[in-house]
$ cat protein.csv   # CSV, C-alpha atoms
chain,number,residue,atom,x,y,z
A,744,MET,CA,19.1,-69.8,-50.2
A,745,ARG,CA,15.5,-68.9,-50.5
A,746,PRO,CA,13.2,-70.4,-48.0
A,747,ILE,CA,11.0,-73.2,-49.4
A,748,ARG,CA,7.4,-72.0,-49.4
A,749,ARG,CA,5.1,-74.7,-48.1
A,750,PRO,CA,1.3,-74.7,-49.0
A,751,ASP,CA,-0.9,-73.4,-46.3
A,752,ALA,CA,-3.5,-75.9,-45.3
A,753,VAL,CA,-6.0,-73.3,-44.3
A,754,LEU,CA,-5.6,-71.5,-47.6
A,755,VAL,CA,-6.0,-74.7,-49.6
A,756,GLN,CA,-9.1,-75.5,-47.6
A,757,ALA,CA,-10.6,-72.0,-48.3
A,758,VAL,CA,-9.9,-72.3,-52.0
A,759,ILE,CA,-11.6,-75.7,-52.2
A,760,ALA,CA,-14.6,-74.6,-50.1
A,761,GLY,CA,-15.0,-71.4,-52.2
A,762,ALA,CA,-14.9,-73.4,-55.5
A,763,LEU,CA,-17.5,-75.8,-54.3
A,764,SER,CA,-19.8,-73.0,-53.0
A,765,PHE,CA,-19.2,-71.2,-56.3
A,766,ALA,CA,-20.3,-74.3,-58.3
A,767,HIS,CA,-23.4,-74.9,-56.2
A,768,LEU,CA,-24.6,-71.3,-56.6
A,769,HIS,CA,-24.0,-71.6,-60.4
A,770,ASP,CA,-26.0,-74.8,-60.6
A,771,LEU,CA,-28.9,-73.4,-58.5
A,772,ALA,CA,-29.1,-70.2,-60.6
A,773,ALA,CA,-29.0,-72.2,-63.8
A,774,ALA,CA,-31.8,-74.5,-62.5
A,775,ALA,CA,-33.9,-71.4,-61.6
A,776,GLY,CA,-33.8,-70.2,-65.2
A,777,GLN,CA,-30.7,-68.0,-65.2
A,778,SER,CA,-28.6,-69.3,-68.2
A,779,GLY,CA,-25.4,-68.2,-69.7
A,780,TRP,CA,-23.2,-65.6,-68.1
A,781,LYS,CA,-26.0,-64.7,-65.6
A,782,ALA,CA,-25.6,-68.1,-63.9
A,783,TRP,CA,-21.9,-67.4,-63.3
A,784,ALA,CA,-22.6,-63.8,-62.0
A,785,TYR,CA,-24.8,-65.1,-59.1
A,786,PRO,CA,-22.0,-66.9,-57.2
A,787,VAL,CA,-19.7,-63.9,-57.8
A,788,SER,CA,-22.4,-61.5,-56.4
A,789,VAL,CA,-22.9,-63.7,-53.3
A,790,ASP,CA,-19.2,-64.1,-52.5
A,791,LEU,CA,-18.5,-60.4,-53.0
A,792,LEU,CA,-21.3,-59.4,-50.6
A,793,LEU,CA,-20.0,-61.9,-48.1
A,794,VAL,CA,-16.5,-60.5,-48.3
A,795,ALA,CA,-17.7,-56.9,-48.1
A,796,ALA,CA,-19.8,-57.6,-45.0
A,797,TRP,CA,-16.9,-59.3,-43.3
A,798,HIS,CA,-14.5,-56.4,-44.2
A,799,ARG,CA,-17.1,-53.9,-42.8
A,800,LEU,CA,-17.3,-56.0,-39.6
A,801,ARG,CA,-13.6,-55.8,-39.0
A,802,THR,CA,-13.4,-52.0,-39.6
A,803,SER,CA,-16.4,-51.3,-37.4
A,804,ARG,CA,-14.9,-53.4,-34.6
A,805,ALA,CA,-11.5,-51.6,-34.9
A,806,ALA,CA,-13.3,-48.2,-34.8
A,807,SER,CA,-15.6,-49.3,-31.9
A,808,GLU,CA,-18.7,-48.7,-34.0
A,809,PRO,CA,-22.0,-50.6,-34.1
A,810,ALA,CA,-21.9,-53.3,-36.7
A,811,ARG,CA,-25.6,-54.4,-36.8
A,812,SER,CA,-25.9,-53.6,-40.5
A,813,ALA,CA,-22.8,-55.5,-41.4
A,814,TRP,CA,-23.9,-58.5,-39.4
A,815,THR,CA,-27.3,-58.4,-41.2
A,816,TRP,CA,-25.8,-58.5,-44.7
A,817,PHE,CA,-23.2,-61.0,-43.7
A,818,MET,CA,-25.9,-63.4,-42.5
A,819,VAL,CA,-27.9,-62.8,-45.7
A,820,ALA,CA,-25.0,-63.7,-47.9
A,821,LEU,CA,-24.1,-66.7,-45.7
A,822,ALA,CA,-27.7,-67.9,-45.9
A,823,ALA,CA,-27.7,-67.7,-49.7
A,824,SER,CA,-24.4,-69.6,-49.9
A,825,LEU,CA,-25.5,-72.3,-47.5
A,826,GLY,CA,-29.0,-72.5,-49.0
A,827,ALA,CA,-27.5,-73.2,-52.5
A,828,ASN,CA,-25.1,-75.8,-51.0
A,829,VAL,CA,-28.0,-77.6,-49.3
A,830,ALA,CA,-30.4,-77.3,-52.2
A,831,THR,CA,-27.9,-78.9,-54.6
A,832,ALA,CA,-27.2,-81.8,-52.2
A,833,GLY,CA,-30.2,-83.8,-53.6
A,834,LEU,CA,-32.9,-82.4,-51.3
A,835,LEU,CA,-34.3,-80.4,-54.2
A,836,ASP,CA,-35.3,-81.5,-57.6
A,837,LEU,CA,-33.3,-79.1,-59.9
A,838,GLY,CA,-35.4,-80.2,-62.8
A,839,HIS,CA,-38.5,-78.9,-61.2
A,840,VAL,CA,-37.5,-75.8,-59.2
A,841,PRO,CA,-40.5,-74.4,-57.2
A,842,ALA,CA,-41.8,-70.9,-58.0
A,843,TRP,CA,-40.7,-69.3,-54.7
A,844,LEU,CA,-37.1,-70.3,-55.4
A,845,ARG,CA,-37.2,-68.8,-58.8
A,846,ILE,CA,-38.5,-65.6,-57.2
A,847,LEU,CA,-35.7,-65.6,-54.7
A,848,VAL,CA,-33.0,-66.1,-57.4
A,849,ALA,CA,-34.5,-63.5,-59.7
A,850,GLY,CA,-34.7,-60.9,-56.8
A,851,TRP,CA,-31.2,-61.6,-55.5
A,852,PRO,CA,-29.4,-59.0,-57.8
A,853,ALA,CA,-31.5,-56.1,-56.4
A,854,LEU,CA,-31.0,-57.4,-52.8
A,855,ALA,CA,-27.2,-57.7,-53.3
A,856,PHE,CA,-27.0,-54.2,-54.8
A,857,LEU,CA,-28.8,-52.7,-51.9
A,858,GLY,CA,-26.6,-54.5,-49.4
A,859,GLY,CA,-23.4,-53.5,-51.1
A,860,THR,CA,-24.5,-49.9,-51.4
A,861,LEU,CA,-25.4,-49.7,-47.7
A,862,LEU,CA,-22.1,-51.3,-46.7
A,863,VAL,CA,-20.0,-48.9,-48.8
A,864,HIS,CA,-21.9,-45.7,-47.9
A,865,SER,CA,-22.4,-46.4,-44.2
A,866,PRO,CA,-21.1,-43.6,-41.9
A,867,GLY,CA,-17.4,-43.8,-41.2
A,868,HIS,CA,-15.5,-43.0,-38.1
A,869,PRO,CA,-17.1,-40.5,-35.8
A,870,GLU,CA,-15.6,-37.1,-35.9
A,871,VAL,CA,-13.6,-36.1,-33.0
A,872,ALA,CA,-15.2,-33.2,-31.1
A,873,GLN,CA,-13.1,-30.1,-31.5
A,874,PRO,CA,-12.2,-28.3,-28.3
A,875,ALA,CA,-14.3,-25.3,-27.7
A,876,GLU,CA,-12.6,-22.0,-28.4
A,877,PRO,CA,-12.2,-19.7,-25.4
A,878,ASP,CA,-14.7,-16.9,-25.3
A,879,THR,CA,-13.0,-13.6,-26.0
A,880,ASP,CA,-15.8,-11.6,-24.6
A,881,THR,CA,-15.0,-12.3,-21.0
A,882,GLU,CA,-17.1,-10.8,-18.3
A,883,GLN,CA,-15.8,-7.8,-16.5
A,884,PRO,CA,-14.9,-8.4,-12.8
A,885,SER,CA,-17.3,-7.1,-10.2
A,886,ALA,CA,-16.4,-4.2,-7.9
A,887,VAL,CA,-15.7,-6.6,-5.0
A,888,GLU,CA,-13.3,-8.7,-7.1
A,889,ALA,CA,-11.6,-5.5,-8.4
A,890,VAL,CA,-11.1,-4.3,-4.8
A,891,THR,CA,-9.7,-7.7,-3.7
A,892,GLU,CA,-7.3,-7.7,-6.6
A,893,ARG,CA,-6.2,-4.2,-5.8
A,894,ASP,CA,-5.5,-5.2,-2.2
A,895,ASP,CA,-3.2,-8.0,-3.4
A,896,VAL,CA,-1.3,-5.7,-5.7
A,897,VAL,CA,1.5,-3.7,-4.1
A,898,GLU,CA,1.1,-0.1,-5.1
A,899,PRO,CA,4.4,1.6,-6.1
A,900,GLU,CA,5.7,4.3,-3.8
A,901,PRO,CA,5.0,7.9,-5.0
A,902,GLU,CA,7.9,9.5,-6.8
A,903,ILE,CA,9.5,12.5,-5.3
A,904,ALA,CA,9.1,15.5,-7.6
A,905,ALA,CA,12.5,16.8,-8.7
A,906,ALA,CA,13.4,20.3,-7.7
A,907,PRO,CA,13.0,22.8,-10.5
A,908,ALA,CA,16.2,23.7,-12.2
A,909,LEU,CA,17.5,27.2,-11.4
A,910,PRO,CA,17.6,29.6,-14.4
A,911,SER,CA,21.0,30.1,-15.7
A,912,PRO,CA,22.4,33.6,-15.2
A,913,GLU,CA,22.3,35.8,-18.2
A,914,PRO,CA,25.7,36.9,-19.4
A,915,GLU,CA,26.5,40.5,-18.7
A,916,PRO,CA,26.7,42.6,-21.8
A,917,ILE,CA,30.3,43.5,-22.7
A,918,PRO,CA,30.7,47.2,-23.3
A,919,GLU,CA,31.8,48.0,-26.8
A,920,PRO,CA,35.2,49.7,-26.9
A,921,GLU,CA,35.0,53.4,-27.8
A,922,PRO,CA,36.3,54.2,-31.3
A,923,ALA,CA,39.8,55.7,-31.4
A,924,PRO,CA,39.9,59.4,-32.3
A,925,VAL,CA,40.4,60.0,-36.0
A,926,ALA,CA,43.1,62.5,-37.0
A,927,VAL,CA,41.7,65.0,-39.5
A,928,PRO,CA,44.1,67.1,-41.6
A,929,PRO,CA,43.7,70.9,-41.0
A,930,ALA,CA,43.3,71.4,-44.8
A,931,LEU,CA,40.3,69.1,-44.8
A,932,VAL,CA,38.8,70.8,-41.8
A,933,ALA,CA,39.2,74.2,-43.6
A,934,HIS,CA,37.5,72.8,-46.7
A,935,ALA,CA,34.8,71.3,-44.7
A,936,ARG,CA,34.2,74.7,-43.0
A,937,LYS,CA,33.8,76.3,-46.4
A,938,VAL,CA,31.3,73.7,-47.5
A,939,ALA,CA,29.3,74.2,-44.2
A,940,ASP,CA,29.3,78.0,-44.6
A,941,ASP,CA,28.0,77.6,-48.2
A,942,TYR,CA,25.3,75.2,-47.1
A,943,ARG,CA,24.2,77.6,-44.3
A,944,ALA,CA,24.1,80.5,-46.8
A,945,ARG,CA,21.9,78.7,-49.2
A,946,THR,CA,19.6,76.8,-46.8
A,947,GLY,CA,19.8,78.9,-43.6
A,948,TYR,CA,20.4,75.7,-41.6
A,949,PRO,CA,23.7,74.2,-40.3
A,950,ILE,CA,24.9,71.3,-42.3
A,951,ASP,CA,24.2,67.8,-40.9
A,952,THR,CA,26.8,65.0,-40.7
A,953,ASP,CA,25.4,62.8,-43.4
A,954,THR,CA,25.3,65.8,-45.9
A,955,LEU,CA,28.9,66.7,-44.9
A,956,ARG,CA,30.1,63.2,-45.4
A,957,ALA,CA,28.4,63.1,-48.8
A,958,ARG,CA,29.9,66.4,-49.9
A,959,LEU,CA,33.4,65.5,-48.7
A,960,GLY,CA,33.3,61.8,-49.6
A,961,VAL,CA,34.9,60.7,-46.3
A,962,PRO,CA,34.0,57.7,-44.1
A,963,PRO,CA,31.5,58.1,-41.2
A,964,LEU,CA,34.1,58.2,-38.4
A,965,MET,CA,36.0,61.0,-40.1
A,966,ALA,CA,32.8,62.9,-40.9
A,967,ASN,CA,31.9,62.8,-37.2
A,968,ALA,CA,35.3,64.0,-36.2
A,969,ILE,CA,35.1,66.9,-38.7
A,970,ALA,CA,31.5,67.8,-37.6
A,971,ALA,CA,32.8,67.9,-34.0
A,972,GLN,CA,35.4,70.4,-34.9
A,973,LEU,CA,33.0,72.6,-36.9
A,974,ALA,CA,30.5,72.8,-34.0
$ encode --input "protein.csv" --output "structure tokens"
Amino acid sequence: MRPIRRPDAVLVQAVIAGALSFAHLHDLAAAAGQSGWKAWAYPVSVDLLLVAAWHRLRTSRAASEPARSAWTWFMVALAASLGANVATAGLLDLGHVPAWLRILVAGWPALAFLGGTLLVHSPGHPEVAQPAEPDTDTEQPSAVEAVTERDDVVEPEPEIAAAPALPSPEPEPIPEPEPAPVAVPPALVAHARKVADDYRARTGYPIDTDTLRARLGVPPLMANAIAAQLA
């Protein structure tokens, strides 16, 4: 079951008081020469300024800010509402409103606009101061501080230089094996002798090994063996 909502006595009282104050402000504005919709706009303006000032008082108190301006405009709106209630209670002849009251009623819109603007555009919460950034350009320590810091630091022990590596012994050259003697046929030796004699007869010089090898068409080893036999 839904809970039964009972009317709040405080709320009912606020509605009744607001309606009466609204009616008194309307009657006073109409008596001061503000007819039509303008007479209804005056109580709306006074009540809105009263609510705006009260809201500003609460926010300023929550933020621990000074609320002198909000208190000022709250008292102005409250004085306008109370003044209208008292003036319409029979102490003032609404048929012959004095000139000073007509001036106050006519100047109220400008005053209410100024108050509302100041309440809305008043400075908000103070900005939180940002922590100062650390200075990157730190001063260099003095010579005394540097020496003190060096005394506290344990210096590492000097490293022992490693002994130089001994050069590796060069490998001894392996003697090349002597070539095996080449067997030369006697007929080839006889032919080579003829070629050598013919070369000497034409040039006057003994034939060399390269020329002999070229004339005979034999490999270098055999040409050397034939030249050794012709010597």
$ residues_around --input "protein.csv" --residues "Ser812 (chain A)" --least-positions-apart "4" --cutoff "9 Å" --atoms "only C-alpha atoms" --output "CSV table (one decimal) with C-alpha atoms, in the frame of the given file"
chain,number,residue,atom,x,y,z
A,796,ALA,CA,-19.8,-57.6,-45.0
A,800,LEU,CA,-17.3,-56.0,-39.6
A,816,TRP,CA,-25.8,-58.5,-44.7
A,817,PHE,CA,-23.2,-61.0,-43.7
A,858,GLY,CA,-26.6,-54.5,-49.4
A,861,LEU,CA,-25.4,-49.7,-47.7
A,862,LEU,CA,-22.1,-51.3,-46.7
A,865,SER,CA,-22.4,-46.4,-44.2
$ residues_around --input "protein.csv" --residues "Ala773 (chain A)" --least-positions-apart "2" --cutoff "12 Å" --atoms "all atoms listed in the file" --output "count of residues only"
28
$ atom_distance --input "protein.csv" --atom1 "CA of Leu792 (chain A)" --atom2 "CA of Gly859 (chain A)"
6.3 Å
$ residues_around --input "protein.csv" --residues "Arg936 (chain A)" --least-positions-apart "2" --cutoff "10 Å" --atoms "all atoms listed in the file" --output "ChimeraX atom specification"
/A:930-934,938-942,950,955,969-970,972-974
$ atom_distance --input "protein.csv" --atom1 "CA of Ala813 (chain A)" --atom2 "CA of Val787 (chain A)"
18.7 Å
$ closest_residue --input "protein.csv" --among "A:Ala830, A:Val758, A:Ala968, A:Val794" --to "Pro929 (chain A)" --atoms "only C-alpha atoms"
A:Ala968
$ atom_distance --input "protein.csv" --atom1 "CA of Asp790 (chain A)" --atom2 "CA of Ala820 (chain A)"
7.4 Å
$ closest_residue --input "protein.csv" --among "A:Tyr948, A:Trp797, A:Trp851, A:Phe765" --to "Thr815 (chain A)" --atoms "all atoms listed in the file"
A:Trp797
$ closest_residue --input "protein.csv" --among "A:Gly960, A:Gly947, A:Gly761, A:Pro928" --to "Asn828 (chain A)" --atoms "all atoms listed in the file"
A:Gly761
$ closest_residue --input "protein.csv" --among "A:Val927, A:Ala971, A:Leu854, A:Ala935" --to "Arg958 (chain A)" --atoms "only C-alpha atoms"
A:Ala935
